[in-house]
2 protein chains.
Amino acid sequence: MTTQQKLIDSARYLIQTRGYNGFSYADVADQVQVRKASIHHHFPAKADLARAVVDESRAQIEQHARALAEAGVNPQQQLLTYTRYWEKCIADASAPFCVAGMLAAEMPTLPSDLADAVRAHFRSLTNWLEAVLSTGSQLGVFQLRHSVRQEAEAFMAMVYGAMLVARAYATPTTFADIVDLAFKRLLAK
Amino acid sequence: MTTQQKLIDSARYLIQTRGYNGFSYADVADQVQVRKASIHHHFPAKADLARAVVDESRAQIEQHARALAEAGVNPQQQLLTYTRYWEKCIADASAPFCVAGMLAAEMPTLPSDLADAVRAHFRSLTNWLEAVLSTGSQLGVFQLRHSVRQEAEAFMAMVYGAMLVARAYATPTTFADIVDLAFKRLLAK
DNA sequence: GGTTGCCAGCCTACTAGTAGGTAGACACGA
DNA sequence: TCGTGTCTACCTACTAGTAGGCTGGCAACC
């Protein structure tokens with residue numbers, strides 16, 4: 001793996017656990033075993049590094065979403081893949097929080113270009129959720145009581161809120177419990 | 001108002017907007033117009049100041065909850081008072097985020113005694129929500145499809161998630177939209 | 001009623017340490 | 001030989017926290 005990729009991975013982990021204002025180039029240098037100056041060579045400013053993390057995350061989500069759709073996976077299974085992914089990440093502490101969620105909380109302190117990247121990530125996720133919910137609704141597997149956009153935003157809020165509550169209580173199962181309820185509500189007649 | 005109270009109020013605002021790792025004694029000193037050393041006189045360490053903020057917030061919530069219950073306000077109106085409070089705070093940007101929510105995101109970086117205070121805040125809020133939902137369910141105004149605890153945690157997750165999404169999009173109405181949906185779901189037959 | 005002593009509150013001036021960021025030299029492969 | 005990547009050494013600005021001194025009010029005692 002290239003040093004650049006290692007730097008991004010390290011920054012992702014640090015943002016997930018400590019947030020943008022909670023980590024420094026010194027932390028990244030320590031993890032990747034290079035000097036601080038080497039990080040500046042790849043990412044001149046801290047915001048550049050963080051933006052690379054967010055952009056990569058968004059690209060991965062979009063790629064996974066495309067792959068699922070092209071494979072003809074049904075809507076409820078697509079949604080379940082998404083929630084199961086976070087359940088696993090939180091349970092084994094490999095990624096205890098979504099990067100964009102963490103950065104969203106810190107929004108007022110972020111440089112504007114990084115804030116733009118975060119918004120783009122949320123927009124991308126909302127669009128995908130809308131598409132999945134819409135298709136599922138047409139197929140009759142999801143029972144939407146409000147507009148697709150509202151249902152998508154509510155589901156997203158539930159997922160991010162569940163991460164927050166699970167982190168506050170330090171009980172990973174709390175996340176699964178809450179998301180499970182959100183899922184059942186969509187399926188309920 | 002005492003200097004001590006001014007310091008707490010200033011710290012609350014700064015935590016809500018920037019988070020624990022995003023503000024410094026210099027920021028507080030600037031807002032309250034005292035020297036940094038004076039803050040240390042009242043709150044020896046940064047964590048002491050933050051803990052005072054969280055403890056005061058929890059006490060206020062508990063006091064309000066008691067007042068509402070003693071006034072004989074019905075459950076749906078009690079819940080509405082809570083959500084309306086945040087709607088207003090977010091709309092006029094007077095308090096664009098819950099202190100405990102912000103600190104929950106930063107949990108892994110907080111000193112343990114401050115983390116304890118944050119957990120206590122969440123526990124207190126969950127307990128109140130459980131009580132309100134439980135009473136409302138017995139009166140037949142709330143339709144709970146799962147355990148009271150699960151429904152309480154899900155509602156809380158929705159509220160905090162809505163704050164996060166609203167902050168990401170910088171659109172205060174998003175919060176009201178999402179919470180409105182959560183509320184209607186509780187009332188739905 | 002003075003005088004004395006105490007103390008909360010606030011200050012200036014400082015410490016040690018960390019933040020993000022830069023300059024310039026060196027190694028190495030195309 | 002040029003570009004890329006890495007390094008050491010350094011910078012300025014800022015962090016939380018400390019040391020020690022000043023002030024003005026309150027209480028106790030003669």
# chains A, B, ... in the order shown; residues from 1 in each chain; ligands from 1

call {"tool": "closest_atom_pairs", "arguments": {"of": "chain C", "to": "chain A", "cutoff": "10 Å", "atoms": "only C-alpha atoms (C1' of nucleotides)", "output": "CSV"}}
result
residue,atom,partner,partner_atom,distance
C:DT18,C1',A:Ala26,CA,9.2
C:DA19,C1',A:Ser24,CA,7.5
C:DG20,C1',A:Lys46,CA,7.7
C:DG21,C1',A:Ala45,CA,7.8
C:DT22,C1',A:Ala37,CA,8.8

call {"tool": "interface_residues", "arguments": {"of": "chain D", "to": "chain B", "cutoff": "8 Å", "atoms": "only C-alpha atoms (C1' of nucleotides)", "output": "list in words"}}
result
DT15, DA16 and DG17 of chain D

call {"tool": "closest_atom_pairs", "arguments": {"of": "chain A", "to": "chain B", "cutoff": "8 Å", "atoms": "only C-alpha atoms", "output": "Markdown table"}}
result
| residue | atom | partner | partner_atom | distance |
| --- | --- | --- | --- | --- |
| A:Thr17 | CA | B:Pro108 | CA | 6.4 |
| A:Arg18 | CA | B:Thr109 | CA | 6.0 |
| A:Gly19 | CA | B:Glu106 | CA | 6.8 |
| A:Asn21 | CA | B:Asn21 | CA | 5.8 |
| A:Gly22 | CA | B:Asn21 | CA | 5.9 |
| A:Gly101 | CA | B:Leu164 | CA | 7.1 |
| A:Met102 | CA | B:Ala105 | CA | 6.6 |
| A:Ala104 | CA | B:Ala168 | CA | 4.8 |
| A:Ala105 | CA | B:Leu164 | CA | 6.0 |
| A:Glu106 | CA | B:Arg18 | CA | 6.1 |
| A:Met107 | CA | B:Ala168 | CA | 6.6 |
| A:Pro108 | CA | B:Thr17 | CA | 6.4 |
| A:Thr109 | CA | B:Arg18 | CA | 6.0 |
| A:Val118 | CA | B:Ala168 | CA | 7.2 |
| A:Arg119 | CA | B:Ala168 | CA | 6.0 |
| A:Phe122 | CA | B:Ala168 | CA | 7.5 |
| A:His146 | CA | B:Leu181 | CA | 7.8 |
| A:Gln150 | CA | B:Ile178 | CA | 6.8 |
| A:Glu153 | CA | B:Ile178 | CA | 6.8 |
| A:Ala154 | CA | B:Ile178 | CA | 5.3 |
| A:Met156 | CA | B:Gly161 | CA | 7.5 |
| A:Ala157 | CA | B:Gly161 | CA | 4.0 |
| A:Met158 | CA | B:Met158 | CA | 4.7 |
| A:Val159 | CA | B:Gly161 | CA | 7.2 |
| A:Tyr160 | CA | B:Gly161 | CA | 5.1 |
| A:Gly161 | CA | B:Gly161 | CA | 3.8 |
| A:Ala162 | CA | B:Ala157 | CA | 5.1 |
| A:Leu164 | CA | B:Ala105 | CA | 6.0 |
| A:Val165 | CA | B:Ala157 | CA | 6.4 |
| A:Arg167 | CA | B:Ala104 | CA | 6.4 |
| A:Ala168 | CA | B:Ala104 | CA | 4.9 |
| A:Tyr169 | CA | B:Arg119 | CA | 6.2 |
| A:Asp177 | CA | B:Gln150 | CA | 7.2 |
| A:Ile178 | CA | B:Ala154 | CA | 5.3 |
| A:Leu181 | CA | B:Ala154 | CA | 7.4 |
| A:Ala182 | CA | B:Ala154 | CA | 7.8 |

call {"tool": "write_last_selection", "arguments": {"atoms": "N, CA, C and O atoms", "output": "compact mmCIF listing (two decimals), in the first residue's frame"}}
result
# COMPACT_ATOMS: atom_id res chain seq x y z
N THR A 17 -12.57 8.18 15.61
CA THR A 17 -12.49 8.01 17.06
C THR A 17 -12.38 9.34 17.82
O THR A 17 -12.92 9.47 18.90
N ARG A 18 -11.67 10.33 17.24
CA ARG A 18 -11.42 11.56 17.98
C ARG A 18 -12.00 12.82 17.33
O ARG A 18 -12.03 13.86 17.97
N GLY A 19 -12.38 12.74 16.06
CA GLY A 19 -12.89 13.92 15.39
C GLY A 19 -11.79 14.76 14.77
O GLY A 19 -10.60 14.54 15.05
N ASN A 21 -10.97 17.94 15.19
CA ASN A 21 -10.22 18.76 16.14
C ASN A 21 -9.50 17.93 17.20
O ASN A 21 -8.82 18.49 18.05
N GLY A 22 -9.67 16.63 17.15
CA GLY A 22 -9.11 15.78 18.19
C GLY A 22 -7.88 15.00 17.77
O GLY A 22 -7.34 14.22 18.55
N GLY A 101 -20.47 11.63 9.88
CA GLY A 101 -21.26 11.94 11.05
C GLY A 101 -20.44 12.71 12.07
O GLY A 101 -20.88 13.72 12.63
N MET A 102 -19.24 12.24 12.28
CA MET A 102 -18.32 12.92 13.21
C MET A 102 -18.05 14.34 12.75
O MET A 102 -18.12 15.29 13.54
N ALA A 104 -19.85 16.13 10.77
CA ALA A 104 -21.08 16.93 10.78
C ALA A 104 -21.24 17.64 12.12
O ALA A 104 -21.65 18.80 12.18
N ALA A 105 -20.89 16.93 13.20
CA ALA A 105 -21.00 17.54 14.53
C ALA A 105 -20.05 18.72 14.66
O ALA A 105 -20.36 19.71 15.31
N GLU A 106 -18.90 18.62 13.99
CA GLU A 106 -17.88 19.66 14.11
C GLU A 106 -18.02 20.73 13.03
O GLU A 106 -17.18 21.63 12.93
N MET A 107 -19.06 20.60 12.23
CA MET A 107 -19.27 21.46 11.05
C MET A 107 -18.86 22.92 11.22
O MET A 107 -18.15 23.45 10.38
N PRO A 108 -19.33 23.60 12.30
CA PRO A 108 -19.03 25.03 12.39
C PRO A 108 -17.55 25.36 12.49
O PRO A 108 -17.15 26.49 12.32
N THR A 109 -16.71 24.37 12.81
CA THR A 109 -15.28 24.63 12.97
C THR A 109 -14.47 24.21 11.75
O THR A 109 -13.26 24.41 11.71
N VAL A 118 -18.26 17.19 3.18
CA VAL A 118 -19.14 16.50 4.12
C VAL A 118 -20.60 16.57 3.64
O VAL A 118 -21.31 15.57 3.64
N ARG A 119 -20.99 17.77 3.21
CA ARG A 119 -22.36 17.92 2.69
C ARG A 119 -22.58 17.02 1.48
O ARG A 119 -23.63 16.38 1.35
N PHE A 122 -23.31 13.51 2.59
CA PHE A 122 -24.67 13.35 3.09
C PHE A 122 -25.68 13.35 1.95
O PHE A 122 -26.63 12.58 1.94
N HIS A 146 -44.86 8.75 4.70
CA HIS A 146 -44.60 10.14 4.35
C HIS A 146 -43.83 10.18 3.04
O HIS A 146 -43.62 9.15 2.42
N GLN A 150 -38.56 12.55 3.13
CA GLN A 150 -38.70 12.59 4.59
C GLN A 150 -38.34 11.26 5.23
O GLN A 150 -37.65 11.21 6.24
N GLU A 153 -34.55 10.77 5.07
CA GLU A 153 -33.85 11.59 6.07
C GLU A 153 -34.08 11.07 7.47
O GLU A 153 -33.18 11.08 8.31
N ALA A 154 -35.28 10.62 7.74
CA ALA A 154 -35.60 10.08 9.06
C ALA A 154 -34.80 8.81 9.33
O ALA A 154 -34.27 8.62 10.44
N MET A 156 -31.95 7.98 7.97
CA MET A 156 -30.55 8.39 8.14
C MET A 156 -30.33 8.97 9.53
O MET A 156 -29.35 8.64 10.20
N ALA A 157 -31.25 9.82 9.96
CA ALA A 157 -31.14 10.42 11.29
C ALA A 157 -31.12 9.33 12.36
O ALA A 157 -30.36 9.40 13.33
N MET A 158 -31.96 8.31 12.17
CA MET A 158 -32.04 7.21 13.13
C MET A 158 -30.69 6.49 13.22
O MET A 158 -30.22 6.17 14.30
N VAL A 159 -30.09 6.22 12.06
CA VAL A 159 -28.81 5.51 12.02
C VAL A 159 -27.72 6.33 12.72
O VAL A 159 -26.99 5.82 13.58
N TYR A 160 -27.63 7.62 12.37
CA TYR A 160 -26.58 8.46 12.97
C TYR A 160 -26.85 8.69 14.46
O TYR A 160 -25.92 8.71 15.28
N GLY A 161 -28.12 8.87 14.80
CA GLY A 161 -28.47 9.04 16.22
C GLY A 161 -28.14 7.79 17.01
O GLY A 161 -27.67 7.87 18.15
N ALA A 162 -28.36 6.64 16.39
CA ALA A 162 -28.06 5.37 17.06
C ALA A 162 -26.57 5.25 17.34
O ALA A 162 -26.15 4.76 18.39
N LEU A 164 -24.55 7.73 17.87
CA LEU A 164 -24.27 8.68 18.94
C LEU A 164 -24.65 8.09 20.30
O LEU A 164 -23.86 8.13 21.25
N VAL A 165 -25.85 7.53 20.37
CA VAL A 165 -26.33 6.97 21.64
C VAL A 165 -25.48 5.77 22.04
O VAL A 165 -25.11 5.62 23.21
N ARG A 167 -22.43 5.25 21.32
CA ARG A 167 -21.12 5.75 21.77
C ARG A 167 -21.23 6.32 23.18
O ARG A 167 -20.35 6.11 24.01
N ALA A 168 -22.32 7.04 23.44
CA ALA A 168 -22.51 7.64 24.76
C ALA A 168 -22.57 6.54 25.83
O ALA A 168 -21.95 6.65 26.88
N TYR A 169 -23.32 5.49 25.53
CA TYR A 169 -23.50 4.40 26.50
C TYR A 169 -22.37 3.37 26.43
O TYR A 169 -22.28 2.50 27.29
N ASP A 177 -30.01 -2.52 18.23
CA ASP A 177 -31.39 -2.50 18.73
C ASP A 177 -32.19 -1.38 18.06
O ASP A 177 -33.31 -1.60 17.59
N ILE A 178 -31.62 -0.18 18.04
CA ILE A 178 -32.33 0.98 17.50
C ILE A 178 -32.55 0.84 16.00
O ILE A 178 -33.66 1.07 15.49
N LEU A 181 -35.22 -1.59 15.06
CA LEU A 181 -36.56 -1.02 15.21
C LEU A 181 -36.92 -0.16 14.00
O LEU A 181 -38.03 -0.24 13.47
N ALA A 182 -35.96 0.65 13.56
CA ALA A 182 -36.19 1.51 12.39
C ALA A 182 -36.52 0.66 11.16
O ALA A 182 -37.39 1.01 10.36

call {"tool": "select_by_dssp", "arguments": {"residues": "stretch 5-70 of chain B", "states": "alpha helix (DSSP H)", "output": "NGL selection string"}}
result
:B and (5-18 or 25-32 or 36-42 or 46-70)

call {"tool": "residues_around", "arguments": {"residues": "C:DG9", "least_positions_apart": "2", "cutoff": "12 Å", "atoms": "only C-alpha atoms (C1' of nucleotides)", "output": "PyMOL selection string"}}
result
(chain B and resi 2-4+34-35+37-42) or (chain C and resi 7+11) or (chain D and resi 22-25)

call {"tool": "write_last_selection", "arguments": {"atoms": "N, CA, C and O atoms (P, O5', C5', C4', C3', O3' and C1' of nucleotides)", "output": "short mmCIF file (atom, residue, chain, number, x, y, z; two decimals), in the first residue's frame"}}
result
data_model
loop_
_atom_site.label_atom_id
_atom_site.label_comp_id
_atom_site.auth_asym_id
_atom_site.auth_seq_id
_atom_site.Cartn_x
_atom_site.Cartn_y
_atom_site.Cartn_z
N THR B 2 -23.20 36.00 38.41
CA THR B 2 -21.84 35.78 38.89
C THR B 2 -20.91 35.43 37.74
O THR B 2 -21.35 34.93 36.70
N THR B 3 -19.63 35.71 37.95
CA THR B 3 -18.63 35.35 36.94
C THR B 3 -18.66 33.86 36.65
O THR B 3 -18.59 33.43 35.50
N GLN B 4 -18.81 33.08 37.71
CA GLN B 4 -18.85 31.62 37.57
C GLN B 4 -19.94 31.18 36.60
O GLN B 4 -19.72 30.34 35.73
N VAL B 34 -12.57 38.18 31.03
CA VAL B 34 -11.68 38.00 32.18
C VAL B 34 -10.38 37.38 31.64
O VAL B 34 -10.30 37.06 30.46
N ARG B 35 -9.39 37.22 32.51
CA ARG B 35 -8.14 36.59 32.08
C ARG B 35 -8.27 35.09 32.21
O ARG B 35 -9.11 34.60 32.99
N ALA B 37 -6.39 33.03 33.70
CA ALA B 37 -6.10 32.57 35.06
C ALA B 37 -7.34 32.64 35.95
O ALA B 37 -7.49 31.83 36.86
N SER B 38 -8.20 33.61 35.67
CA SER B 38 -9.42 33.73 36.47
C SER B 38 -10.34 32.54 36.27
O SER B 38 -11.05 32.11 37.18
N ILE B 39 -10.34 32.00 35.06
CA ILE B 39 -11.14 30.80 34.79
C ILE B 39 -10.59 29.64 35.60
O ILE B 39 -11.34 28.88 36.21
N HIS B 40 -9.26 29.53 35.62
CA HIS B 40 -8.64 28.45 36.38
C HIS B 40 -8.94 28.59 37.88
O HIS B 40 -8.98 27.59 38.60
N HIS B 41 -9.15 29.81 38.33
CA HIS B 41 -9.51 30.02 39.74
C HIS B 41 -10.85 29.34 40.05
O HIS B 41 -11.01 28.69 41.09
N HIS B 42 -11.81 29.47 39.12
CA HIS B 42 -13.14 28.88 39.33
C HIS B 42 -13.18 27.41 38.95
O HIS B 42 -13.83 26.61 39.61
P DC C 7 -8.13 32.27 55.63
"O5'" DC C 7 -9.06 32.60 54.39
"C5'" DC C 7 -10.34 33.22 54.58
"C4'" DC C 7 -10.80 33.83 53.29
"C3'" DC C 7 -10.26 33.10 52.05
"O3'" DC C 7 -11.30 32.96 51.11
"C1'" DC C 7 -9.80 35.38 51.88
P DC C 11 -9.43 39.76 35.40
"O5'" DC C 11 -7.88 40.05 35.65
"C5'" DC C 11 -7.48 41.36 36.03
"C4'" DC C 11 -6.05 41.35 36.50
"C3'" DC C 11 -5.04 40.85 35.47
"O3'" DC C 11 -4.64 41.95 34.67
"C1'" DC C 11 -4.57 39.97 37.66
P DC D 22 2.46 43.22 45.21
"O5'" DC D 22 1.01 43.80 44.90
"C5'" DC D 22 0.66 44.13 43.55
"C4'" DC D 22 -0.86 44.18 43.44
"C3'" DC D 22 -1.54 45.06 44.49
"O3'" DC D 22 -2.25 46.08 43.81
"C1'" DC D 22 -2.63 42.94 44.28
P DT D 23 -2.95 47.28 44.67
"O5'" DT D 23 -4.44 46.78 44.88
"C5'" DT D 23 -5.22 46.42 43.76
"C4'" DT D 23 -6.61 46.00 44.22
"C3'" DT D 23 -7.16 46.85 45.37
"O3'" DT D 23 -8.51 47.17 45.10
"C1'" DT D 23 -7.29 44.57 45.91
P DG D 24 -9.16 48.50 45.74
"O5'" DG D 24 -10.71 48.13 45.77
"C5'" DG D 24 -11.15 46.88 45.22
"C4'" DG D 24 -11.98 46.12 46.25
"C3'" DG D 24 -12.59 46.95 47.38
"O3'" DG D 24 -13.89 46.44 47.64
"C1'" DG D 24 -11.35 45.23 48.31
P DG D 25 -15.02 47.30 48.41
"O5'" DG D 25 -15.83 46.19 49.23
"C5'" DG D 25 -16.16 44.95 48.59
"C4'" DG D 25 -16.13 43.83 49.62
"C3'" DG D 25 -16.86 44.18 50.94
"O3'" DG D 25 -17.67 43.08 51.32
"C1'" DG D 25 -14.69 43.42 51.40
#

call {"tool": "atom_distance", "arguments": {"atom1": "atom CA of B:Ala65", "atom2": "atom CA of B:Ala95"}}
result
19.4 Å

call {"tool": "residues_around", "arguments": {"residues": "C:DG29", "least_positions_apart": "2", "cutoff": "12 Å", "atoms": "only C-alpha atoms (C1' of nucleotides)", "output": "short mmCIF file (atom, residue, chain, number, x, y, z; two decimals) with N, CA, C and O atoms (P, O5', C5', C4', C3', O3' and C1' of nucleotides), in the first residue's frame"}}
result
data_model
loop_
_atom_site.label_atom_id
_atom_site.label_comp_id
_atom_site.auth_asym_id
_atom_site.auth_seq_id
_atom_site.Cartn_x
_atom_site.Cartn_y
_atom_site.Cartn_z
P DA C 27 22.80 10.82 1.09
"O5'" DA C 27 21.70 9.86 0.44
"C5'" DA C 27 20.72 9.26 1.29
"C4'" DA C 27 19.62 8.67 0.43
"C3'" DA C 27 20.08 7.79 -0.72
"O3'" DA C 27 19.36 6.58 -0.63
"C1'" DA C 27 18.57 9.43 -1.50
P DT D 1 23.51 16.15 -14.53
"O5'" DT D 1 22.62 15.79 -15.82
"C5'" DT D 1 21.70 16.62 -16.56
"C4'" DT D 1 20.28 16.42 -16.09
"C3'" DT D 1 19.94 17.22 -14.85
"O3'" DT D 1 18.54 17.54 -14.92
"C1'" DT D 1 19.49 14.99 -14.41
P DC D 2 18.14 19.05 -15.17
"O5'" DC D 2 16.54 18.92 -14.98
"C5'" DC D 2 15.83 17.93 -15.73
"C4'" DC D 2 15.02 17.04 -14.82
"C3'" DC D 2 14.29 17.74 -13.67
"O3'" DC D 2 12.90 17.70 -13.95
"C1'" DC D 2 15.20 15.63 -13.01
P DG D 3 11.87 18.54 -13.14
"O5'" DG D 3 11.11 17.39 -12.32
"C5'" DG D 3 10.56 16.29 -13.04
"C4'" DG D 3 10.21 15.16 -12.10
"C3'" DG D 3 9.31 15.58 -10.92
"O3'" DG D 3 8.29 14.61 -10.80
"C1'" DG D 3 11.29 14.54 -10.10
P DT D 4 7.03 14.85 -9.96
"O5'" DT D 4 7.23 13.82 -8.78
"C5'" DT D 4 7.57 12.46 -9.09
"C4'" DT D 4 8.03 11.77 -7.83
"C3'" DT D 4 7.21 12.11 -6.57
"O3'" DT D 4 6.66 10.91 -6.06
"C1'" DT D 4 9.55 12.21 -6.14
P DG D 5 5.58 10.91 -4.95
"O5'" DG D 5 6.48 10.63 -3.66
"C5'" DG D 5 7.24 9.43 -3.62
"C4'" DG D 5 8.23 9.50 -2.49
"C3'" DG D 5 7.62 9.84 -1.12
"O3'" DG D 5 7.91 8.78 -0.24
"C1'" DG D 5 9.59 11.09 -1.51
#
